[in-house]
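As structure tokens, the structure follows; a few thoughts come after it.
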Amino acid sequence: MLIYHYTSLDTLSKILANRTLRFTNMDNLNDKSEYRYGVELLKNKILEYETNFGVRNPFDVDLLDRFMFAGELFSISFTEGSDDLYFWNSHYVPANYGVSIGFEIEEIFGPELIVNKCIYGDPYGKMGRDRYHWFRNLFLYPLAISKNLEFIHITYQTGYIKHPAFSLEKEWRTITFPLKETCVFNSVRGECLYFDYPFNVQAIKEIVVGPSVTLHKNIDRVKCLINQYKLNCTIRSSCIPVAL
């Protein structure tokens, strides 16, 4: 299965030269509500349990905001769509110089990093008694939270949950704590934390050249990059008319 990463021609050149992909801090995502959406769902399940069972001493659900690891997690995004007008017209690519890089999903990273499909909507069932009391007991010892593997797993899972309004993105993500020393770059949203991580260049199986008034020149440039880095992949031009 191929999944695609939309970017610019210049960034494609840097990706191939450095053989790295960029992970961005989840607090620096374009839509900061993304990670918070999953956290809010979890908080609502706790509140729902307390309402249904008349809990008189409610759990402080705001503790989840304080102890979830959003500020420490980094992610990179992909999509199932190879030639999607939504992405060509987005901030992900510059007008006339966009490409989508098609990766074989099983070959991108080593076993330490997994690419998972995002979940759109509420994946949680009603909270049971055991899970509710697990949360309450966990927060009795805040210093131990960062070492609790089950809570860390919940933190990762929350990062893949998105509002149903974004389902057209058909997004896949890899989420991790920083595996390299982090750096800072400036964007329109301010300073963003990131780290670049090695990937298997031969996982690139297709490059789609986006709609452009310079389409033929862009295709020639991609062909040169493929030859330069000896990639075994195909080139395809977008089927979307430039006028759109």
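If you're wondering about the labels, chains in the structure tokens are A, B, ... by order shown, residues count from 1 in each chain, ligands from 1 in order shown.
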Sorted per-residue table, range 41-80 of chain A near range 137-154 of chain A, closest atoms and distance, 9 Å, only C-alpha atoms, as a Markdown table:
| residue | atom | partner | partner_atom | distance |
| --- | --- | --- | --- | --- |
| A:Leu63 | CA | A:Phe139 | CA | 7.9 |
| A:Phe67 | CA | A:Ile145 | CA | 7.7 |
| A:Met68 | CA | A:Ile152 | CA | 8.3 |
| A:Phe69 | CA | A:Ile152 | CA | 8.1 |
Go through range 49-101 of chain A residue by residue and, counting only C-alpha atoms, keep those with an atom at most 8 Å from range 168-176 of chain A; for each kept residue give the shortest atom pair and its distance in Å to one decimal, ordered by chain and increasing number, as JSON lines.
{"residue": "A:Leu73", "atom": "CA", "partner": "A:Thr176", "partner_atom": "CA", "distance": 5.6}
{"residue": "A:Phe74", "atom": "CA", "partner": "A:Thr176", "partner_atom": "CA", "distance": 5.4}
{"residue": "A:Ser75", "atom": "CA", "partner": "A:Ile175", "partner_atom": "CA", "distance": 4.4}
{"residue": "A:Ile76", "atom": "CA", "partner": "A:Thr174", "partner_atom": "CA", "distance": 5.5}
{"residue": "A:Ser77", "atom": "CA", "partner": "A:Arg173", "partner_atom": "CA", "distance": 4.6}
{"residue": "A:Phe78", "atom": "CA", "partner": "A:Trp172", "partner_atom": "CA", "distance": 5.0}
{"residue": "A:Thr79", "atom": "CA", "partner": "A:Glu171", "partner_atom": "CA", "distance": 4.4}
{"residue": "A:Glu80", "atom": "CA", "partner": "A:Lys170", "partner_atom": "CA", "distance": 5.7}
{"residue": "A:Gly81", "atom": "CA", "partner": "A:Lys170", "partner_atom": "CA", "distance": 7.1}
Write out as a list of chain:residue names the residues lying within 6 Å of range 104-111 of chain A, counting only C-alpha atoms and excluding same-chain residues fewer than 6 positions away.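 Selected residues are A:Met1, A:Leu2, A:Phe199, A:Asn200, A:Ala203.
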Identify, with DSSP run on backbone atoms, the residues in range 81-242 of chain A assigned to strand (DSSP E), and express the list as number ranges by chain. A: 98-104, 116-117, 119-120, 161-162, 171-176, 183-187, 190-198, 204-209, 234-237
Could you pull the residues within 7 Å of range 218-232 of chain A, counting only C-alpha atoms, minus those fewer than 2 positions along the same chain, as number ranges by chain? A: 202, 205, 209, 214-216
Keeping only all heavy atoms, write the selected residues as a compact mmCIF listing (two decimals), in the first residue's frame.
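Output (out_1.txt):
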# COMPACT_ATOMS: atom_id res chain seq x y z
N GLN A 202 14.47 3.97 -0.64
CA GLN A 202 13.89 3.05 -1.62
C GLN A 202 12.44 2.72 -1.33
O GLN A 202 11.78 2.02 -2.11
CB GLN A 202 14.73 1.77 -1.69
CG GLN A 202 16.14 1.99 -2.20
CD GLN A 202 16.19 2.73 -3.54
OE1 GLN A 202 15.37 2.50 -4.42
NE2 GLN A 202 17.16 3.65 -3.67
N LYS A 205 8.07 4.84 -4.04
CA LYS A 205 7.68 4.05 -5.21
C LYS A 205 7.05 4.88 -6.31
O LYS A 205 6.94 4.43 -7.46
CB LYS A 205 6.70 2.95 -4.79
CG LYS A 205 7.22 2.02 -3.70
CD LYS A 205 8.49 1.30 -4.13
CE LYS A 205 8.98 0.34 -3.05
NZ LYS A 205 10.27 -0.30 -3.41
N VAL A 209 3.62 14.65 -9.72
CA VAL A 209 3.93 16.07 -9.92
C VAL A 209 2.62 16.84 -9.98
O VAL A 209 1.74 16.53 -10.79
CB VAL A 209 4.75 16.28 -11.21
CG1 VAL A 209 5.11 17.76 -11.37
CG2 VAL A 209 6.02 15.42 -11.16
N THR A 214 4.05 25.12 -15.02
CA THR A 214 5.39 24.67 -15.42
C THR A 214 5.51 23.15 -15.26
O THR A 214 6.56 22.63 -14.87
CB THR A 214 6.47 25.37 -14.56
OG1 THR A 214 6.23 25.08 -13.17
CG2 THR A 214 6.44 26.87 -14.77
N LEU A 215 4.42 22.45 -15.53
CA LEU A 215 4.35 21.01 -15.29
C LEU A 215 5.50 20.25 -15.95
O LEU A 215 6.16 19.43 -15.31
CB LEU A 215 3.01 20.46 -15.79
CG LEU A 215 2.81 18.94 -15.64
CD1 LEU A 215 2.82 18.53 -14.18
CD2 LEU A 215 1.52 18.50 -16.31
N HIS A 216 5.77 20.51 -17.22
CA HIS A 216 6.80 19.75 -17.95
C HIS A 216 8.19 20.00 -17.37
O HIS A 216 9.00 19.07 -17.25
CB HIS A 216 6.75 20.07 -19.44
CG HIS A 216 5.46 19.67 -20.09
ND1 HIS A 216 5.04 18.36 -20.17
CD2 HIS A 216 4.48 20.41 -20.68
CE1 HIS A 216 3.87 18.29 -20.78
NE2 HIS A 216 3.51 19.53 -21.09
So which bits of range 83-181 of chain A end up alpha helix (DSSP H) when you DSSP the backbone, as a ChimeraX atom specification? /A:85-88,129-138,149-158
